[in-house]
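Reproduced below: entry01.csv, with CSV, C-alpha atoms and all ligand atoms.
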chain,number,residue,atom,x,y,z
A,1,MET,CA,-37.1,-3.5,-14.1
A,2,ALA,CA,-35.5,-5.5,-11.4
A,3,ALA,CA,-34.8,-8.4,-13.8
A,4,GLN,CA,-33.3,-5.9,-16.3
A,5,LEU,CA,-31.1,-4.4,-13.6
A,6,ALA,CA,-30.0,-7.8,-12.2
A,7,GLY,CA,-29.1,-9.0,-15.8
A,8,GLN,CA,-27.2,-5.8,-16.5
A,9,SER,CA,-25.3,-6.1,-13.2
A,10,LEU,CA,-24.2,-9.6,-14.0
A,11,ARG,CA,-23.3,-8.6,-17.5
A,12,PHE,CA,-21.2,-5.7,-16.1
A,13,GLY,CA,-19.4,-8.0,-13.7
A,14,TRP,CA,-18.5,-10.4,-16.5
A,15,TYR,CA,-17.1,-7.8,-18.8
A,16,PHE,CA,-15.4,-6.0,-16.0
A,17,ALA,CA,-13.5,-9.2,-15.2
A,18,LEU,CA,-12.7,-9.6,-18.9
A,19,ASN,CA,-11.4,-6.0,-19.1
A,20,ARG,CA,-9.1,-6.6,-16.1
A,21,LEU,CA,-8.0,-10.0,-17.5
A,22,LEU,CA,-7.1,-8.4,-20.8
A,23,ASP,CA,-5.1,-5.6,-19.1
A,24,TRP,CA,-3.3,-8.3,-17.0
A,25,ARG,CA,-2.5,-10.4,-20.1
A,26,SER,CA,-1.2,-7.3,-21.9
A,27,GLU,CA,1.1,-6.6,-19.0
A,28,GLN,CA,2.2,-10.2,-19.0
A,29,LEU,CA,3.1,-9.9,-22.7
A,30,GLY,CA,5.2,-6.9,-21.8
A,31,ARG,CA,2.8,-4.7,-23.8
A,32,GLY,CA,0.8,-2.8,-21.2
A,33,SER,CA,-0.3,0.8,-22.0
A,34,ARG,CA,2.5,3.3,-21.0
A,35,TYR,CA,0.7,6.5,-22.0
A,36,ARG,CA,0.3,9.0,-19.2
A,37,PRO,CA,-2.3,11.6,-20.0
A,38,SER,CA,-1.8,15.3,-19.1
A,39,GLY,CA,-5.5,15.9,-18.4
A,40,PRO,CA,-7.6,14.7,-15.4
A,41,VAL,CA,-8.7,11.0,-15.3
A,42,PRO,CA,-11.7,9.7,-13.4
A,43,SER,CA,-11.2,7.3,-10.6
A,44,LEU,CA,-12.5,3.7,-11.0
A,45,GLN,CA,-15.3,4.6,-8.5
A,46,GLU,CA,-16.4,7.6,-10.5
A,47,LEU,CA,-16.5,5.5,-13.7
A,48,LEU,CA,-18.5,2.8,-12.0
A,49,ALA,CA,-20.9,5.3,-10.5
A,50,SER,CA,-21.5,6.8,-14.0
A,51,GLN,CA,-21.9,3.4,-15.5
A,52,GLY,CA,-24.4,2.6,-12.7
A,53,GLU,CA,-26.4,5.7,-13.7
A,54,LEU,CA,-26.5,4.6,-17.3
A,55,LEU,CA,-27.8,1.1,-16.3
A,56,LEU,CA,-30.4,2.6,-14.0
A,57,SER,CA,-31.8,5.0,-16.6
A,58,ASP,CA,-32.0,2.1,-19.1
A,59,ALA,CA,-33.9,0.1,-16.5
A,60,LEU,CA,-36.2,3.0,-15.8
A,61,ALA,CA,-37.0,3.4,-19.5
A,62,VAL,CA,-37.9,-0.3,-19.6
A,63,ARG,CA,-40.1,0.1,-16.5
A,64,ASP,CA,-41.8,3.0,-18.2
A,65,GLY,CA,-42.5,0.9,-21.3
A,66,LEU,CA,-40.4,3.0,-23.6
A,67,TYR,CA,-38.6,-0.1,-25.1
A,68,PRO,CA,-38.1,-3.8,-24.1
A,69,ALA,CA,-35.4,-5.1,-21.8
A,70,MET,CA,-32.0,-5.8,-23.2
A,71,GLU,CA,-31.2,-9.3,-24.3
A,72,ASP,CA,-28.1,-10.7,-22.6
A,73,ASP,CA,-25.2,-12.5,-24.2
A,74,ALA,CA,-26.0,-15.7,-22.3
A,75,THR,CA,-28.4,-16.8,-25.1
A,76,ALA,CA,-25.5,-18.5,-27.0
A,77,PRO,CA,-22.9,-19.1,-24.3
A,78,LEU,CA,-20.7,-21.5,-26.3
A,79,ARG,CA,-20.3,-19.1,-29.2
A,80,HIS,CA,-19.7,-16.3,-26.7
A,81,LEU,CA,-16.9,-18.2,-25.0
A,82,ALA,CA,-15.4,-19.2,-28.3
A,83,ARG,CA,-15.2,-15.5,-29.3
A,84,ILE,CA,-13.6,-14.6,-26.0
A,85,ARG,CA,-11.0,-17.3,-26.5
A,86,GLN,CA,-10.4,-15.9,-30.0
A,87,MET,CA,-10.0,-12.4,-28.6
A,88,PHE,CA,-7.3,-13.5,-26.3
A,89,ALA,CA,-5.6,-15.5,-29.0
A,90,ASP,CA,-5.5,-12.4,-31.2
A,91,LEU,CA,-4.2,-10.2,-28.5
A,92,PRO,CA,-0.4,-10.7,-29.0
A,93,ALA,CA,-0.6,-9.8,-32.7
A,94,ALA,CA,-2.8,-6.7,-32.0
A,95,LEU,CA,-0.4,-5.6,-29.2
A,96,SER,CA,2.7,-6.1,-31.5
A,97,ARG,CA,1.0,-3.9,-34.1
A,98,ARG,CA,0.4,-1.3,-31.4
A,99,ALA,CA,4.0,-1.4,-30.3
A,100,ALA,CA,5.1,-1.0,-33.9
A,101,ASN,CA,2.4,1.6,-34.7
A,102,ASP,CA,1.5,-0.6,-37.6
A,103,ALA,CA,-2.1,-0.5,-38.8
A,104,SER,CA,-1.7,-2.2,-42.1
A,105,SER,CA,-2.9,-5.8,-41.6
A,106,VAL,CA,-6.0,-4.7,-43.4
A,107,ASN,CA,-4.1,-4.6,-46.7
A,108,ALA,CA,-4.1,-8.4,-46.8
A,109,GLU,CA,-7.9,-8.2,-47.4
A,110,ALA,CA,-8.9,-8.1,-51.1
A,111,ALA,CA,-11.5,-5.4,-50.5
A,112,ALA,CA,-8.9,-2.9,-49.0
A,113,ALA,CA,-7.8,-1.7,-52.4
A,114,GLU,CA,-11.3,-0.6,-53.4
A,115,LEU,CA,-12.1,1.3,-50.3
A,116,PRO,CA,-11.1,4.9,-49.3
A,117,ALA,CA,-7.6,5.1,-47.8
A,118,TYR,CA,-8.9,6.8,-44.6
A,119,TYR,CA,-11.0,3.7,-43.9
A,120,ALA,CA,-8.6,0.9,-45.0
A,121,GLN,CA,-6.6,0.8,-41.7
A,122,ASP,CA,-6.6,-1.4,-38.7
A,123,PHE,CA,-8.9,0.6,-36.5
A,124,HIS,CA,-8.3,-0.4,-32.8
A,125,PHE,CA,-5.3,-2.4,-34.2
A,126,GLN,CA,-7.9,-5.1,-35.0
A,127,THR,CA,-6.5,-7.8,-37.3
A,128,GLY,CA,-7.9,-7.1,-40.7
A,129,GLY,CA,-9.3,-3.7,-39.8
A,130,TYR,CA,-13.1,-3.7,-40.5
A,131,LEU,CA,-12.7,-6.0,-43.5
A,132,SER,CA,-12.1,-9.6,-42.3
A,133,GLU,CA,-14.8,-12.1,-41.1
A,134,ASP,CA,-12.7,-12.7,-37.9
A,135,SER,CA,-12.7,-9.0,-37.1
A,136,ALA,CA,-16.5,-8.9,-37.5
A,137,ARG,CA,-16.9,-11.9,-35.2
A,138,LEU,CA,-14.7,-10.4,-32.5
A,139,TYR,CA,-15.9,-6.8,-32.7
A,140,ASP,CA,-18.7,-7.0,-30.2
A,141,VAL,CA,-16.9,-8.9,-27.5
A,142,GLN,CA,-13.9,-6.5,-27.9
A,143,VAL,CA,-16.0,-3.4,-27.6
A,144,GLU,CA,-18.0,-4.7,-24.6
A,145,THR,CA,-14.8,-5.7,-22.9
A,146,LEU,CA,-13.3,-2.2,-23.4
A,147,PHE,CA,-16.5,-0.5,-22.1
A,148,MET,CA,-17.0,-3.0,-19.2
A,149,GLY,CA,-20.3,-4.1,-20.7
A,150,ALA,CA,-21.6,-0.6,-21.3
A,151,ALA,CA,-21.5,-0.5,-25.1
A,152,GLY,CA,-24.9,-2.0,-25.5
A,153,PRO,CA,-26.5,0.2,-22.8
A,154,MET,CA,-24.9,3.3,-24.3
A,155,ARG,CA,-26.4,2.4,-27.7
A,156,ARG,CA,-29.7,1.9,-26.1
A,157,ALA,CA,-29.7,5.5,-24.9
A,158,ALA,CA,-30.4,6.3,-28.6
A,159,LEU,CA,-33.7,4.4,-28.2
A,160,ALA,CA,-35.3,7.0,-25.9
A,161,PRO,CA,-35.5,9.8,-28.6
A,162,LEU,CA,-37.0,7.2,-31.0
A,163,ALA,CA,-39.6,6.3,-28.5
A,164,SER,CA,-40.8,9.9,-28.3
A,165,ALA,CA,-40.6,10.5,-32.0
A,166,LEU,CA,-42.6,7.4,-32.8
A,167,GLN,CA,-45.3,7.8,-30.2
A,168,GLY,CA,-48.7,7.7,-31.8
A,169,ARG,CA,-47.3,7.1,-35.3
A,170,ASP,CA,-47.9,4.1,-37.5
A,171,GLN,CA,-44.6,2.3,-37.5
A,172,ARG,CA,-45.2,0.8,-40.9
A,173,ARG,CA,-45.0,4.3,-42.4
A,174,VAL,CA,-41.8,5.3,-40.7
A,175,SER,CA,-38.3,4.4,-42.1
A,176,LEU,CA,-35.1,4.3,-40.1
A,177,LEU,CA,-31.6,4.1,-41.5
A,178,ASP,CA,-28.7,3.2,-39.2
A,179,VAL,CA,-25.6,4.5,-40.8
A,180,ALA,CA,-22.4,2.5,-40.0
A,181,CYS,CA,-24.6,-0.2,-38.5
A,182,GLY,CA,-21.6,-2.5,-37.9
A,183,THR,CA,-22.6,-5.9,-36.6
A,184,GLY,CA,-26.2,-4.7,-36.2
A,185,ARG,CA,-26.4,-4.5,-32.4
A,186,PHE,CA,-28.4,-1.3,-32.4
A,187,LEU,CA,-30.7,-2.4,-35.2
A,188,ARG,CA,-31.6,-5.6,-33.4
A,189,GLN,CA,-32.7,-3.5,-30.4
A,190,VAL,CA,-34.7,-1.2,-32.7
A,191,ARG,CA,-36.3,-4.2,-34.4
A,192,LEU,CA,-37.3,-5.8,-31.1
A,193,ALA,CA,-38.8,-2.5,-30.0
A,194,TYR,CA,-40.5,-1.7,-33.3
A,195,PRO,CA,-41.3,-4.9,-35.3
A,196,ALA,CA,-43.0,-3.1,-38.2
A,197,LEU,CA,-40.6,-0.1,-38.7
A,198,LYS,CA,-39.0,0.0,-42.2
A,199,LEU,CA,-35.3,-0.6,-41.3
A,200,LYS,CA,-32.1,-0.1,-43.4
A,201,GLY,CA,-28.6,-0.7,-42.2
A,202,LEU,CA,-25.7,0.8,-44.1
A,203,ASP,CA,-21.9,0.1,-43.7
A,204,LEU,CA,-18.8,0.1,-45.8
A,205,SER,CA,-17.8,-3.4,-44.5
A,206,ARG,CA,-19.3,-6.4,-46.2
A,207,ALA,CA,-18.0,-8.7,-43.4
A,208,TYR,CA,-19.7,-6.6,-40.8
A,209,LEU,CA,-22.9,-6.4,-42.8
A,210,GLU,CA,-22.9,-10.2,-43.0
A,211,GLU,CA,-22.5,-10.5,-39.3
A,212,ALA,CA,-25.3,-8.0,-38.8
A,213,ARG,CA,-27.5,-10.1,-41.2
A,214,ARG,CA,-26.8,-13.2,-39.1
A,215,HIS,CA,-27.4,-11.3,-35.9
A,216,LEU,CA,-30.9,-10.2,-36.9
A,217,GLY,CA,-31.5,-13.5,-38.7
A,218,GLU,CA,-34.9,-14.6,-37.3
A,219,LEU,CA,-36.4,-11.1,-37.2
A,220,ARG,CA,-38.4,-9.2,-39.8
A,221,PRO,CA,-36.1,-8.3,-42.7
A,222,VAL,CA,-33.8,-5.3,-42.8
A,223,GLU,CA,-32.5,-3.8,-46.1
A,224,TRP,CA,-28.7,-4.0,-46.0
A,225,ILE,CA,-26.7,-1.4,-48.0
A,226,GLU,CA,-23.0,-1.7,-48.6
A,227,ALA,CA,-21.9,1.9,-49.1
A,228,ALA,CA,-20.2,5.0,-47.6
A,229,ALA,CA,-21.9,7.3,-45.2
A,230,GLU,CA,-20.8,10.3,-47.3
A,231,ARG,CA,-22.2,8.8,-50.5
A,232,MET,CA,-25.4,6.9,-49.9
A,233,PRO,CA,-27.3,5.3,-52.7
A,234,LEU,CA,-30.6,6.7,-51.5
A,235,PRO,CA,-32.9,9.4,-52.9
A,236,ASP,CA,-33.3,12.9,-51.5
A,237,ALA,CA,-35.8,13.2,-48.6
A,238,SER,CA,-36.5,9.5,-48.4
A,239,VAL,CA,-35.9,8.6,-44.8
A,240,ASP,CA,-37.6,9.7,-41.6
A,241,VAL,CA,-35.0,8.8,-39.0
A,242,ILE,CA,-31.2,8.5,-39.3
A,243,THR,CA,-29.1,7.1,-36.5
A,244,ALA,CA,-25.2,7.0,-36.5
A,245,ILE,CA,-23.6,5.3,-33.5
A,246,PHE,CA,-19.8,5.4,-32.9
A,247,LEU,CA,-19.2,6.5,-36.5
A,248,PHE,CA,-18.1,10.2,-36.5
A,249,HIS,CA,-14.9,9.7,-34.3
A,250,GLU,CA,-13.6,7.4,-37.1
A,251,LEU,CA,-14.0,9.8,-39.9
A,252,PRO,CA,-11.5,12.5,-41.0
A,253,PRO,CA,-12.9,16.1,-40.5
A,254,GLU,CA,-13.8,16.6,-44.2
A,255,VAL,CA,-15.6,13.2,-44.4
A,256,ARG,CA,-17.5,14.1,-41.2
A,257,ARG,CA,-18.8,17.2,-43.0
A,258,ALA,CA,-19.6,15.3,-46.2
A,259,ALA,CA,-21.6,12.7,-44.1
A,260,ALA,CA,-23.5,15.5,-42.3
A,261,ALA,CA,-24.5,17.0,-45.7
A,262,GLU,CA,-25.5,13.6,-47.0
A,263,PHE,CA,-27.7,12.9,-43.9
A,264,ALA,CA,-29.4,16.2,-44.4
A,265,ARG,CA,-30.0,15.4,-48.1
A,266,VAL,CA,-31.5,11.9,-47.4
A,267,LEU,CA,-33.6,12.9,-44.4
A,268,ARG,CA,-37.2,14.1,-45.0
A,269,PRO,CA,-38.0,17.6,-43.8
A,270,GLY,CA,-38.9,17.4,-40.2
A,271,GLY,CA,-36.9,14.1,-40.0
A,272,MET,CA,-34.7,13.3,-37.0
A,273,PHE,CA,-31.0,12.5,-36.8
A,274,VAL,CA,-29.8,10.7,-33.7
A,275,PHE,CA,-26.1,10.9,-33.1
A,276,LEU,CA,-24.3,8.8,-30.5
A,277,ASP,CA,-20.6,8.8,-30.2
A,278,SER,CA,-17.7,9.3,-27.8
A,279,LEU,CA,-17.6,12.2,-25.3
A,280,GLN,CA,-15.7,15.2,-26.5
A,281,LEU,CA,-13.2,17.3,-24.5
A,282,GLY,CA,-15.0,19.5,-22.0
A,283,ASP,CA,-18.2,17.4,-22.0
A,284,LYS,CA,-17.0,16.0,-18.7
A,285,PRO,CA,-13.8,18.1,-18.1
A,286,GLU,CA,-12.7,15.9,-15.2
A,287,TRP,CA,-12.5,13.0,-17.7
A,288,ASP,CA,-10.5,14.7,-20.4
A,289,GLY,CA,-7.3,12.7,-19.7
A,290,LEU,CA,-9.2,9.5,-20.3
A,291,LEU,CA,-10.3,10.6,-23.7
A,292,GLU,CA,-6.8,11.8,-24.5
A,293,SER,CA,-5.3,8.4,-23.8
A,294,PHE,CA,-7.8,6.4,-25.9
A,295,PRO,CA,-6.1,6.8,-29.4
A,296,TYR,CA,-2.7,5.8,-27.9
A,297,ARG,CA,-4.2,2.4,-26.8
A,298,PHE,CA,-6.3,1.8,-29.9
A,299,HIS,CA,-5.6,2.9,-33.4
A,300,GLU,CA,-8.0,5.8,-33.9
A,301,PRO,CA,-6.4,8.1,-36.4
A,302,TYR,CA,-9.1,10.8,-36.4
A,303,TYR,CA,-10.1,10.7,-32.7
A,304,GLN,CA,-7.8,13.5,-31.6
A,305,GLY,CA,-9.4,15.9,-34.1
A,306,TYR,CA,-12.9,14.6,-33.3
A,307,LEU,CA,-12.4,15.4,-29.6
A,308,SER,CA,-12.6,19.2,-30.2
A,309,ASP,CA,-14.5,19.3,-33.5
A,310,ALA,CA,-17.5,21.7,-33.3
A,311,LEU,CA,-20.1,19.0,-34.0
A,312,GLU,CA,-23.2,21.0,-33.1
A,313,ALA,CA,-22.2,23.8,-35.4
A,314,MET,CA,-21.3,21.4,-38.1
A,315,PHE,CA,-24.7,19.7,-38.1
A,316,ALA,CA,-26.5,23.0,-37.8
A,317,ALA,CA,-24.5,24.3,-40.8
A,318,HIS,CA,-25.9,21.4,-42.8
A,319,GLY,CA,-29.5,22.1,-41.8
A,320,LEU,CA,-29.6,19.5,-38.9
A,321,THR,CA,-30.5,21.6,-35.9
A,322,PRO,CA,-29.4,20.1,-32.5
A,323,GLU,CA,-32.4,20.0,-30.1
A,324,LEU,CA,-31.1,17.9,-27.3
A,325,THR,CA,-27.7,16.8,-25.9
A,326,SER,CA,-26.8,14.5,-23.1
A,327,THR,CA,-23.8,12.5,-22.0
A,328,PRO,CA,-24.6,8.9,-21.0
A,329,PHE,CA,-21.4,7.4,-19.4
A,330,LEU,CA,-18.6,7.7,-22.0
A,331,SER,CA,-20.9,8.8,-24.8
A,332,LYS,CA,-22.5,11.9,-26.2
A,333,LEU,CA,-26.1,11.7,-27.5
A,334,MET,CA,-27.4,14.5,-29.7
A,335,VAL,CA,-30.8,14.7,-31.4
A,336,CYS,CA,-31.0,16.9,-34.4
A,337,ARG,CA,-34.0,17.9,-36.6
A,338,LYS,CA,-34.1,18.8,-40.3
A,339,ALA,CA,-36.1,21.9,-40.7
A,340,VAL,CA,-39.5,21.9,-42.6
A,341,PRO,CA,-39.3,24.7,-45.3
A,342,SER,CA,-41.7,27.5,-44.5
A,343,PRO,CA,-44.6,27.8,-47.0
A,344,GLY,CA,-44.0,30.3,-49.8
A,401,LIG,C1,-16.9,1.8,-34.2
A,401,LIG,S1,-17.8,0.9,-35.4
A,401,LIG,C2,-19.5,1.2,-34.9
A,401,LIG,C3,-20.4,0.2,-35.4
A,401,LIG,C4,-21.9,0.2,-34.8
A,401,LIG,N1,-22.6,1.5,-35.1
A,401,LIG,C5,-21.8,0.0,-33.3
A,401,LIG,O1,-22.6,0.7,-32.6
A,401,LIG,O2,-21.1,-0.9,-32.9
A,401,LIG,C6,-17.7,1.9,-36.8
A,401,LIG,C7,-18.4,1.3,-38.0
A,401,LIG,O3,-18.4,2.3,-39.0
A,401,LIG,C8,-18.2,1.8,-40.3
A,401,LIG,N2,-17.7,2.9,-41.1
A,401,LIG,C9,-16.6,3.6,-40.9
A,401,LIG,N3,-16.5,4.5,-41.9
A,401,LIG,C10,-17.6,4.4,-42.6
A,401,LIG,C11,-18.1,5.1,-43.8
A,401,LIG,N4,-17.4,6.2,-44.3
A,401,LIG,N5,-19.2,4.8,-44.3
A,401,LIG,C12,-19.9,3.7,-43.8
A,401,LIG,N6,-19.5,3.0,-42.7
A,401,LIG,C13,-18.3,3.4,-42.2
A,401,LIG,C14,-17.2,0.6,-40.0
A,401,LIG,O4,-17.2,-0.3,-41.0
A,401,LIG,C15,-17.7,0.1,-38.7
A,401,LIG,O5,-18.7,-0.9,-38.9
Here is a file; write its structure as structure tokens.
Ligand SMILES: C[S@@+](CC[C@H](N)C(=O)[O-])C[C@H]1O[C@@H](n2cnc3c(N)ncnc32)[C@H](O)[C@@H]1O
Amino acid sequence: MAAQLAGQSLRFGWYFALNRLLDWRSEQLGRGSRYRPSGPVPSLQELLASQGELLLSDALAVRDGLYPAMEDDATAPLRHLARIRQMFADLPAALSRRAANDASSVNAEAAAAELPAYYAQDFHFQTGGYLSEDSARLYDVQVETLFMGAAGPMRRAALAPLASALQGRDQRRVSLLDVACGTGRFLRQVRLAYPALKLKGLDLSRAYLEEARRHLGELRPVEWIEAAAERMPLPDASVDVITAIFLFHELPPEVRRAAAAEFARVLRPGGMFVFLDSLQLGDKPEWDGLLESFPYRFHEPYYQGYLSDALEAMFAAHGLTPELTSTPFLSKLMVCRKAVPSPG
């Protein structure tokens, strides 16, 4: 536990410094964020205290044997540094797009024409949206810099409900599908914790799936599926656990509902759905201003609507009953269960 906490603290310090450096560089380029939210914003101390709580609860779960300690990024330092350099090199172009409110660089990618219009945009003003290899290579370092190293620990909060669901079960007979698996950061944590689980990772981006495949390279194979969350090429009632991390805030409201219906279709009766995404308005009312400002800094066309969408009711309406909700740091974790039909 002490080693995990020490590693996490170093990791936090590193990404905190990068976060500040990125803001400083943006100001220097004359492109700092000018948005002033109307709602309350937490102080830096409040944010850090909440992040500290997240790291502590992760370390306690490791101490209690729920899942293994988190790997750090120091395992491939040269690659990590190259990606940071690339992130800073890409910053002027991303900030120019933000200033011009232009989220169309994705259209230079051949795949854009075949993908739904709601998806073919430069999310976060990333060059190439989710479609280019460069975007897939930069994504993790960008997200960790934004969250001051807390993206990984927030994802790991979704491991705790898995630990209780899998207790006493034969892993080889349990299947888990991570929808919108991105670069595979969560699936790698799952694979390290459960070497024999049947894992599937689904995403609309071929480039991100490629990065995920590389990232899980030496571990036991995962089935990779290039498809949309709202139209999954999987049979009814064929999966035991579905996870979806940082997906729903990027979907238009009608696609959110179509995805919820699709998850309910694919889950086995009694199966578990683990949702982890951004906080919503009112989850931590004194932080509402921070949430409000996010889509002004990063292109997030559906985030405003997401912030007040009635997610619990939406999942329940599709037969996924929320059983547990918590709010680790900047995220909201919800565990839902698909009902088992009563006999007769
Ligand atoms: C913010 S990223 C989150 C990725 C990953 N779950 C994580 O924790 O980092 C959103 C991901 O959702 C994928 N995505 C967005 N809309 C999708 C859809 N309709 N179907 C499948 N994947 C989608 C994107 O390609 C991207 O990889």
Worksheet entry | Protein, DNA and RNA residues within 6 Å of (-25.5, -0.5, -45.2), all atoms listed in the file, as a VMD selection string | chain A and resid 201 to 203 224 to 227
Worksheet entry | Environment of ligand LIG 401 (chain A) within 7 Å, counting all atoms listed in the file, reported as JSON, numbers by chain | {"A": [119, 130, 155, 179, 180, 181, 182, 183, 184, 185, 186, 202, 203, 204, 205, 208, 227, 228, 229, 230, 244, 245, 246, 247, 250, 251]}
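The gap separating CA of Arg337 (chain A) from CA of Glu312 (chain A) is 11.8 Å, in Å to one decimal.
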Practice prompt. Name all residues at most 6 Å from Val239 (chain A) (count all atoms listed in the file; drop same-chain ones fewer than 4 positions away) and give them as a PyMOL selection string.
Written response: chain A and resi 175+267-268
Restrict the selected residues to C-alpha atoms and save them as a compact mmCIF listing (two decimals), in the coordinates of the input.
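This went into result15.txt:
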# COMPACT_ATOMS: atom_id res chain seq x y z
CA SER A 175 -38.30 4.40 -42.10
CA LEU A 267 -33.60 12.90 -44.40
CA ARG A 268 -37.20 14.10 -45.00
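The smallest atom-to-atom distance between Gly129 (chain A) and any of A:Phe298, A:Phe315, A:Tyr303, A:Tyr15, using all atoms listed in the file, is found for A:Phe298.
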Practice prompt. Could you give me, as a ChimeraX atom specification, the residues within 8 Å of region 271-276 of chain A, counting all atoms listed in the file and dropping anything in the same chain fewer than 6 positions from it?
Written response: /A:155,158,161,239-246,263,320,331-339
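Atom pair CA of Phe123 (chain A) / CA of Ala103 (chain A): separated by 7.3 Å.
CA of Pro285 (chain A) sits 15.6 Å away from CA of Tyr306 (chain A).
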Worksheet item: Hey, what's within 12 Å of Phe125 (chain A) if we count all atoms listed in the file and toss same-chain stuff fewer than 6 positions away? As number ranges by chain, please?
Response: A: 90-106, 135, 139, 142, 295-301
Response to the item:
Across A:Leu177, A:Leu66, A:Ala49, A:Leu10, the smallest distance to Ala165 (chain A), with all atoms listed in the file counted, is shown by A:Leu66
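Distances to Val340 (chain A) were evaluated for A:Pro269, A:Pro322, A:Pro328, A:Gly65 using all atoms listed in the file, and the minimum falls at A:Pro269.
Protein and nucleic acid residues near (-37.1, 1.4, -39.2) are Val174, Ser175, Leu176, Leu177, Leu197, Lys198, Leu199 and Lys200 of chain A, the criterion being any atom at most 7 Å away using only C-alpha atoms.
With distances restricted to all atoms listed in the file, A:Phe88 is the closest residue to Leu29 (chain A) from A:Trp287, A:Phe88, A:Tyr194, A:Phe248.
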